[in-house]
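> Data: work-v9.cif, mmCIF, C-alpha atoms.
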```cif
data_work
#
loop_
_atom_site.label_atom_id
_atom_site.label_comp_id
_atom_site.auth_asym_id
_atom_site.auth_seq_id
_atom_site.Cartn_x
_atom_site.Cartn_y
_atom_site.Cartn_z
CA MET A 83 -5.53 -9.76 28.86
CA THR A 84 -3.71 -9.34 25.55
CA THR A 85 -5.73 -9.42 22.36
CA PRO A 86 -4.26 -11.87 19.85
CA LYS A 87 -3.02 -10.46 16.57
CA GLU A 88 -5.46 -10.87 13.71
CA THR A 89 -4.32 -10.84 10.11
CA VAL A 90 -6.49 -10.31 7.05
CA SER A 91 -5.24 -10.48 3.50
CA VAL A 92 -6.94 -9.49 0.26
CA THR A 93 -5.67 -9.55 -3.32
CA VAL A 94 -7.24 -7.31 -5.94
CA PRO A 95 -6.42 -6.46 -9.56
CA SER A 96 -3.90 -3.64 -9.87
CA LYS A 97 -6.48 -1.00 -10.81
CA LEU A 98 -7.26 2.25 -9.02
CA LYS A 99 -10.99 1.49 -9.03
CA TYR A 100 -10.33 -0.99 -6.17
CA CYS A 101 -8.92 1.71 -3.92
CA HIS A 102 -12.22 2.38 -2.13
CA TYR A 103 -12.84 -1.34 -1.68
CA VAL A 104 -9.44 -1.69 0.01
CA SER A 105 -10.03 1.38 2.17
CA ASP A 106 -13.53 0.24 3.21
CA ALA A 107 -12.32 -3.29 4.05
CA SER A 108 -9.48 -1.83 6.11
CA GLU A 109 -11.85 0.44 7.98
CA LEU A 110 -14.13 -2.48 8.84
CA LEU A 111 -11.17 -4.29 10.39
CA PHE A 112 -10.16 -1.21 12.41
CA LYS A 113 -13.65 -0.76 13.72
CA SER A 114 -14.17 -4.42 14.64
CA LYS A 115 -10.77 -5.10 16.21
CA ILE A 116 -9.48 -1.84 17.70
CA ASN A 117 -10.91 -0.64 20.97
CA PHE A 118 -10.92 3.15 20.74
CA TYR A 119 -11.65 5.15 23.88
CA SER A 120 -13.78 7.66 22.02
CA GLU A 121 -15.47 8.21 18.68
CA GLU A 122 -13.14 11.16 18.14
CA LEU A 123 -10.03 8.93 18.40
CA PHE A 124 -11.57 6.44 15.99
CA ASN A 125 -12.37 9.23 13.53
CA LEU A 126 -8.82 10.67 13.70
CA PHE A 127 -7.25 7.23 13.27
CA THR A 128 -9.57 6.41 10.37
CA GLN A 129 -8.94 9.76 8.71
CA ASP A 130 -5.16 9.21 8.81
CA MET A 131 -5.49 5.65 7.58
CA ARG A 132 -7.71 6.62 4.65
CA ILE A 133 -4.91 8.87 3.41
CA VAL A 134 -2.26 6.23 4.08
CA MET A 135 -4.23 3.44 2.39
CA TYR A 136 -4.96 5.60 -0.65
CA GLU A 137 -1.30 6.57 -1.03
CA LEU A 138 -0.02 3.02 -0.50
CA PHE A 139 -2.50 1.52 -2.94
CA SER A 140 -2.27 4.19 -5.64
CA ASN A 141 1.54 4.14 -5.50
CA ALA A 142 1.49 0.35 -5.88
CA VAL A 143 -0.86 0.54 -8.87
CA ASN A 144 0.87 3.45 -10.58
CA HIS A 145 4.49 2.45 -10.12
CA SER A 146 4.77 -1.33 -9.81
CA GLN A 147 3.04 -2.37 -13.05
CA SER A 148 2.02 -5.49 -11.14
CA ASP A 149 -1.01 -7.53 -12.27
CA CYS A 150 -2.43 -7.57 -8.76
CA VAL A 151 -1.92 -5.96 -5.36
CA THR A 152 -2.09 -7.90 -2.11
CA ILE A 153 -2.92 -6.01 1.07
CA VAL A 154 -2.06 -7.67 4.38
CA LEU A 155 -3.56 -6.03 7.47
CA SER A 156 -2.48 -7.16 10.90
CA VAL A 157 -3.84 -5.67 14.11
CA ASP A 158 -3.53 -6.25 17.83
CA GLU A 159 -4.31 -4.02 20.79
CA ASP A 160 -1.15 -1.91 20.35
CA GLU A 161 -0.42 -1.64 16.64
CA LEU A 162 -1.77 -1.84 13.12
CA SER A 163 0.52 -3.14 10.40
CA VAL A 164 -0.22 -2.88 6.67
CA THR A 165 1.88 -4.49 3.95
CA ILE A 166 1.26 -3.85 0.27
CA LYS A 167 2.71 -6.60 -1.93
CA THR A 168 3.32 -6.32 -5.66
CA LYS A 169 5.47 -8.18 -8.19
CA ASN A 170 7.10 -6.48 -11.14
CA ASN A 171 8.89 -3.12 -10.96
CA PRO A 172 10.82 -2.49 -7.74
CA PHE A 173 10.53 0.67 -5.68
CA VAL A 174 12.80 3.34 -7.17
CA ILE A 175 14.43 5.79 -4.78
CA LYS A 176 15.22 9.19 -6.19
CA GLN A 177 18.15 10.71 -4.27
CA VAL A 178 16.81 14.24 -4.35
CA ASN A 179 19.62 15.68 -2.25
CA SER A 180 22.19 14.48 -4.82
CA TYR A 181 21.25 16.43 -7.95
CA ILE A 182 23.72 15.90 -10.80
CA ASN A 183 23.92 19.31 -12.47
CA GLU A 184 25.71 18.25 -15.65
CA LYS A 185 23.11 15.50 -16.28
CA ARG A 186 20.20 17.58 -14.92
CA GLU A 187 18.86 14.63 -13.02
CA TYR A 188 18.76 12.91 -9.65
CA PRO A 189 20.46 9.56 -9.07
CA LEU A 190 18.02 6.64 -8.94
CA ILE A 191 18.65 3.54 -6.88
CA VAL A 192 16.85 0.20 -6.97
CA PRO A 193 17.45 -3.11 -5.21
CA PRO A 194 19.79 -4.80 -4.89
CA PHE A 195 21.45 -1.80 -3.28
CA SER A 196 25.23 -1.69 -3.53
CA ASN A 197 27.42 -2.22 -0.49
CA GLU A 198 28.71 1.36 -0.85
CA ILE A 199 25.33 2.79 0.15
CA LEU A 200 24.43 0.36 2.95
CA GLY A 201 23.77 2.41 6.06
CA SER A 202 23.47 5.61 4.02
CA ASP A 203 20.70 8.18 4.36
CA PHE A 204 19.17 10.03 1.40
CA VAL A 205 16.70 12.89 1.42
CA VAL A 206 13.69 11.80 -0.64
CA TYR A 207 11.34 14.65 0.26
CA ARG A 208 11.76 18.10 1.72
CA ASP A 209 9.31 20.88 2.44
CA TYR A 210 9.49 24.02 4.52
CA GLU A 211 9.14 22.11 7.79
CA TYR A 212 10.19 18.47 7.29
CA ASP A 213 12.78 16.22 5.67
CA ILE A 214 11.99 12.61 4.82
CA TYR A 215 15.08 10.40 4.83
CA CYS A 216 15.54 6.96 3.33
CA ARG A 217 18.03 4.70 5.09
CA VAL A 218 19.42 1.72 3.18
CA THR A 219 19.53 -1.10 5.75
CA GLY A 220 20.33 -4.03 3.48
CA PRO A 221 20.74 -5.03 -0.16
CA PHE A 222 16.96 -5.31 -0.51
CA ASP A 223 15.49 -3.12 2.24
CA VAL A 224 15.13 0.46 3.37
CA TYR A 225 13.13 2.40 5.90
CA PHE A 226 12.01 6.01 6.03
CA ARG A 227 12.06 8.53 8.82
CA ILE A 228 10.87 12.06 9.22
CA GLU A 229 12.80 14.90 10.82
CA LYS A 230 11.52 18.35 11.61
CA ASN A 231 13.86 21.02 10.29
CA ILE A 232 13.54 24.15 12.39
CA SER A 233 16.60 25.90 10.94
CA ARG A 234 15.54 25.98 7.27
CA GLU A 235 15.15 29.40 5.74
CA LYS A 236 11.92 30.21 3.89
CA HIS A 237 13.77 30.90 0.65
CA GLU A 238 15.44 27.46 0.54
CA PHE A 239 14.33 25.20 -2.31
CA ASP A 240 11.70 22.61 -1.47
CA ILE A 241 12.00 19.13 -2.94
CA PRO A 242 8.61 18.02 -4.29
CA GLU A 243 9.52 14.40 -5.05
CA HIS A 244 7.91 11.48 -3.18
CA TYR A 245 5.06 13.62 -1.79
CA GLY A 246 2.86 10.56 -1.20
CA LEU A 247 5.70 8.90 0.69
CA SER A 248 5.98 12.00 2.87
CA LEU A 249 2.28 11.75 3.78
CA ILE A 250 2.64 8.06 4.63
CA THR A 251 5.73 8.69 6.76
CA LYS A 252 4.16 11.63 8.57
CA LEU A 253 0.99 9.70 9.47
CA THR A 254 2.57 6.43 10.60
CA HIS A 255 5.19 5.29 13.10
CA TYR A 256 7.18 3.06 10.74
CA THR A 257 7.49 3.01 6.95
CA GLY A 258 9.71 0.50 5.18
CA TYR A 259 10.28 -1.35 1.93
CA TYR A 260 11.69 -4.81 1.28
CA ARG A 261 12.15 -6.78 -1.95
CA SER A 262 11.95 -10.49 -1.17
CA PRO A 263 14.20 -13.10 -2.84
CA ASP A 264 11.21 -14.29 -4.91
CA GLY A 265 10.80 -10.80 -6.41
CA TYR A 266 7.86 -9.51 -4.36
CA ASP A 267 7.98 -5.88 -3.31
CA ASN A 268 6.68 -5.32 0.22
CA PHE A 269 5.89 -1.83 1.38
CA THR A 270 5.03 -1.90 5.11
CA ILE A 271 3.70 0.69 7.50
CA LYS A 272 2.99 0.42 11.23
CA LYS A 273 0.79 2.71 13.25
CA ARG A 274 0.55 2.57 17.00
CA ILE A 275 -2.94 2.49 18.41
CA LYS A 276 -2.12 3.61 21.96
#
```
Kindly present the structure from the file in structure tokens form.


Amino acid sequence: MTTPKETVSVTVPSKLKYCHYVSDASELLFKSKINFYSEELFNLFTQDMRIVMYELFSNAVNHSQSDCVTIVLSVDEDELSVTIKTKNNPFVIKQVNSYINEKREYPLIVPPFSNEILGSDFVVYRDYEYDIYCRVTGPFDVYFRIEKNISREKHEFDIPEHYGLSLITKLTHYTGYYRSPDGYDNFTIKKRIK
């Protein structure tokens, strides 16, 4: 028998002091709605999600300049989905693999994204082992993917930008961003349970 999807939404002021409240509320939902086969699996899942929730929430507070943050949690037997909604400053993508030497800066892109970059991939984070790519999928939406880079030399320059985004992408199965027509910024992650 399939468990129906349950969705819980909470809106809090855009202040970091609410981070633990959001994390604790999320954890209560995980524990009450997800059937883990062992305490160890629950602890691993919860540990990952604490990091993800902290990064999602703190990024929303620090970068959006929104008055409030809405967290929408949706869970069924196969997947957890979390959407963080804010309204003010859009998500800014720093194209860290496109450094402009004469300006000494990286190009920044914000929605609406131009037609020239639709379908394009940009490196937004790089470390010794992984690259995080951003793919522009529409004028107002992108998603992120992680790729292991086994051929990188140790002396190659690491790109420290978007570190929080790299953690989120590494610990989830889907990470995406969408700016709705009414100006709400929606940052969504999905994590498989099984």

> Residues within 10 Å of Thr152 of chain A, please, as a PDB file with C-alpha atoms, keeping the file's coordinate frame. Count only C-alpha atoms; anything in the same chain fewer than 3 positions from it doesn't count.


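As a result, out-v8.pdb now contains:
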```pdb
ATOM      1  CA  SER A  91      -5.240 -10.480   3.500  1.00  0.00           C
ATOM      2  CA  VAL A  92      -6.940  -9.490   0.260  1.00  0.00           C
ATOM      3  CA  THR A  93      -5.670  -9.550  -3.320  1.00  0.00           C
ATOM      4  CA  VAL A  94      -7.240  -7.310  -5.940  1.00  0.00           C
ATOM      5  CA  PRO A  95      -6.420  -6.460  -9.560  1.00  0.00           C
ATOM      6  CA  SER A  96      -3.900  -3.640  -9.870  1.00  0.00           C
ATOM      7  CA  VAL A 104      -9.440  -1.690   0.010  1.00  0.00           C
ATOM      8  CA  PHE A 139      -2.500   1.520  -2.940  1.00  0.00           C
ATOM      9  CA  ALA A 142       1.490   0.350  -5.880  1.00  0.00           C
ATOM     10  CA  LEU A 155      -3.560  -6.030   7.470  1.00  0.00           C
ATOM     11  CA  THR A 165       1.880  -4.490   3.950  1.00  0.00           C
ATOM     12  CA  ILE A 166       1.260  -3.850   0.270  1.00  0.00           C
ATOM     13  CA  LYS A 167       2.710  -6.600  -1.930  1.00  0.00           C
ATOM     14  CA  THR A 168       3.320  -6.320  -5.660  1.00  0.00           C
ATOM     15  CA  LYS A 169       5.470  -8.180  -8.190  1.00  0.00           C
ATOM     16  CA  ASN A 268       6.680  -5.320   0.220  1.00  0.00           C
TER      17      ASN A 268
END
```

> I need the residue set behind the PyMOL selection byres ((chain A and resi 177) around 10) for this file; please write it as number ranges by chain.

A: 174-176, 178-181, 187-191, 203-207, 215-216, 243

> Distance atom CA of Glu122 of chain A-atom CA of Phe269 of chain A, one decimal place?

28.5 Å

> Work out how far atom CA of Ile214 of chain A is from atom CA of Val134 of chain A, in Å to one decimal.

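Answer for the atom CA of Val134 of chain A to atom CA of Ile214 of chain A separation: 15.6 Å.
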
> Got a sec: who's within 12 Å of segment 258-267 of chain A, counting only C-alpha atoms, leaving out chain neighbours fewer than 4 positions off, as a VMD selection string?

chain A and resid 138 142 145 to 148 150 to 153 163 to 175 192 to 195 215 to 227 247 250 to 251 254 271 to 272
